[in-house]
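Data first, discussion second: the structure below is written as structure tokens.
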Amino acid sequence: MVEVDVLLRGGDGDPILAHPPDTDSDITLQEWLAQMGSTDKGIKLDFKSLAAVGPSLELLGQLEQPLAGPVWLNGDILPGPRGSCAPLDARAFLGAVTSSCPDATLSLGWTTARHQGQGYQWPMVQEMSRLCHPLSQPVTFAVRAALLPSSIPQLQWLLQQSHRYSLTVWAGKEDVYSVEDLLLIRENFDKSRGSAACTVKPFVIDCSFKPCVSLNLKDTITVIVWLHSTLQRGRRLE
């Protein structure tokens, strides 16, 4: 899987690959999609503005040949712990992606900030469950690794609401978390969730689609723990 952040050039131009606060880029989404068409990789589009969703989905629909890999469409549609950025309008985002890409996996999350302690609260996961209940597509919930240890009962409950649900665990480069925190994921979430995917930037380890891979959630967390330990050793050597 290859993940990119998508917004509109200058706020109202063509879709480009960029992350706020940047408003320009040396590559457009159209150029990038053309390059991805010659690979067997899956793609994940992380939308940073609602305005970018429609034009980006239109470009996906205009591809001469369908992409060989899976398509994930990501958006933070609800406010989360200490989230300071406004989420995308949930109904507008879900309406656009489900009508234009009915076969895509929806990656849905909460706006958050770098913070330890308070995790995803019950009203946050209950509202997410309510929004996702009418959907028929696979849904993976993007959750921040540093917040997960304080949110295990809430996220376990959320996954129990449908067999279509899985978790994507991610971490910001400045986040503080321990190997023990990551092991909590391994110990508390069902390894039979074969559609789970876990992300720890700058590494992406995908175990998303049952026919494509043999890794399950616990296998993937083992790999992530190894990567975390390796990075920590590398930092000590610098």
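The way I read the labels, and the way they are meant: chains A, B, ... in the order of the structure tokens, residue 1 as the first residue of every chain, and ligand 1 as the first ligand shown, with later ones counted on from there.
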- For region 32-34 of chain A, work out the shell of residues within 9 Å, counting only C-alpha atoms and skipping chain neighbours fewer than 5 positions away, then give it as number ranges by chain. A: 16-17, 27, 59-60, 63, 67
- Task: Using DSSP on the backbone coordinates, identify all residues within region 5-227 of chain A classified as strand (DSSP E or B); present the result as a ChimeraX atom specification.
- Result: /A:5-8,15-17,28,43-47,71-79,105-111,139-144,165-170,197-200,203-205
Now that the selection is made, can you save its residues with C-alpha atoms as a JSON list (two decimals), in the first residue's frame?
[["chain", "number", "residue", "atom", "x", "y", "z"],
["A", 5, "ASP", "CA", -2.17, 13.17, 1.49],
["A", 6, "VAL", "CA", -4.45, 15.02, -0.91],
["A", 7, "LEU", "CA", -5.62, 18.62, -0.98],
["A", 8, "LEU", "CA", -6.37, 21.28, -3.61],
["A", 15, "PRO", "CA", -5.79, 17.93, -6.47],
["A", 16, "ILE", "CA", -2.14, 17.66, -5.40],
["A", 17, "LEU", "CA", -0.08, 15.54, -3.03],
["A", 28, "THR", "CA", -0.51, 16.35, -8.93],
["A", 43, "ILE", "CA", -3.35, 3.09, -2.72],
["A", 44, "LYS", "CA", -4.65, 5.08, 0.21],
["A", 45, "LEU", "CA", -5.84, 8.63, -0.37],
["A", 46, "ASP", "CA", -5.85, 10.67, 2.85],
["A", 47, "PHE", "CA", -8.10, 13.66, 2.22],
["A", 71, "VAL", "CA", -8.19, 1.47, -2.91],
["A", 72, "TRP", "CA", -8.55, 3.00, 0.55],
["A", 73, "LEU", "CA", -10.17, 6.38, 1.09],
["A", 74, "ASN", "CA", -9.31, 8.10, 4.36],
["A", 75, "GLY", "CA", -10.88, 11.02, 6.17],
["A", 76, "ASP", "CA", -11.09, 12.27, 9.76],
["A", 77, "ILE", "CA", -14.83, 12.70, 10.06],
["A", 78, "LEU", "CA", -15.27, 13.24, 13.81],
["A", 79, "PRO", "CA", -13.54, 15.29, 16.51],
["A", 105, "THR", "CA", -12.27, 0.37, 1.82],
["A", 106, "LEU", "CA", -13.23, 3.35, 3.95],
["A", 107, "SER", "CA", -10.57, 4.48, 6.41],
["A", 108, "LEU", "CA", -12.31, 6.67, 8.98],
["A", 109, "GLY", "CA", -10.81, 8.51, 11.90],
["A", 110, "TRP", "CA", -11.00, 11.27, 14.46],
["A", 111, "THR", "CA", -9.07, 14.53, 14.59],
["A", 139, "VAL", "CA", -14.32, 0.08, 7.23],
["A", 140, "THR", "CA", -10.98, 0.43, 9.00],
["A", 141, "PHE", "CA", -10.80, 2.86, 11.91],
["A", 142, "ALA", "CA", -7.62, 4.95, 11.99],
["A", 143, "VAL", "CA", -6.54, 5.19, 15.64],
["A", 144, "ARG", "CA", -3.50, 6.88, 17.14],
["A", 165, "TYR", "CA", -14.61, -3.37, 10.82],
["A", 166, "SER", "CA", -10.86, -3.37, 11.50],
["A", 167, "LEU", "CA", -8.23, -1.04, 12.96],
["A", 168, "THR", "CA", -5.39, 0.92, 11.39],
["A", 169, "VAL", "CA", -2.91, 1.93, 14.09],
["A", 170, "TRP", "CA", -0.75, 4.95, 13.28],
["A", 197, "ALA", "CA", -3.83, -2.94, 8.67],
["A", 198, "CYS", "CA", -1.30, -1.28, 10.90],
["A", 199, "THR", "CA", 0.74, 1.80, 10.12],
["A", 200, "VAL", "CA", 3.61, 3.29, 12.08],
["A", 203, "PHE", "CA", 6.82, 2.40, 7.84],
["A", 204, "VAL", "CA", 3.60, 0.98, 6.44],
["A", 205, "ILE", "CA", 2.96, -2.71, 7.01]]
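The two atoms in question, CA of Leu159 (chain A) and CA of Asp181 (chain A), are spaced 19.1 Å apart.
The gap separating CA of Ser84 (chain A) from CA of Ile152 (chain A) is 22.9 Å, in Å to one decimal.
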- If we count only C-alpha atoms, what is near Gly69 (chain A) at a cut-off of 10 Å, once residues fewer than 6 positions away on the same chain are taken out, given as a list in words? Met1, Met36, Gly37, Thr39, Asp40, Lys41, Gly42, Ile43 and Cys212 of chain A
- Task: Point out the residue among A:Pro21, A:Gly83, A:Pro70, A:Gly95 with the least atom-to-atom distance to Leu135 (chain A), counting only C-alpha atoms.
- Result: A:Gly95
- Residue with smallest distance to Phe93 (chain A) - pool A:Pro134, A:Gly172, A:Gly54, A:Gly11, counting only C-alpha atoms: A:Gly54
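Using only C-alpha atoms, the shortest contact distance between Ala113 (chain A) and any of A:Tyr177, A:Glu58, A:Gly80, A:Pro66 is found at A:Gly80.
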- d(CA of Leu158 (chain A), CA of His19 (chain A)) in Å: 28.8 Å
- Could you give me, as a VMD selection string, the residues within 12 Å of Pro153 (chain A), counting only C-alpha atoms and dropping anything in the same chain fewer than 6 positions from it? chain A and resid 119 to 122 125 159 to 160 184 to 185 188 to 189
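Remark: for Arg82 (chain A), the closest of the candidate residues A:Ser129, A:Gln118, A:Thr112, A:Gln30 is A:Thr112 (distances computed over only C-alpha atoms).
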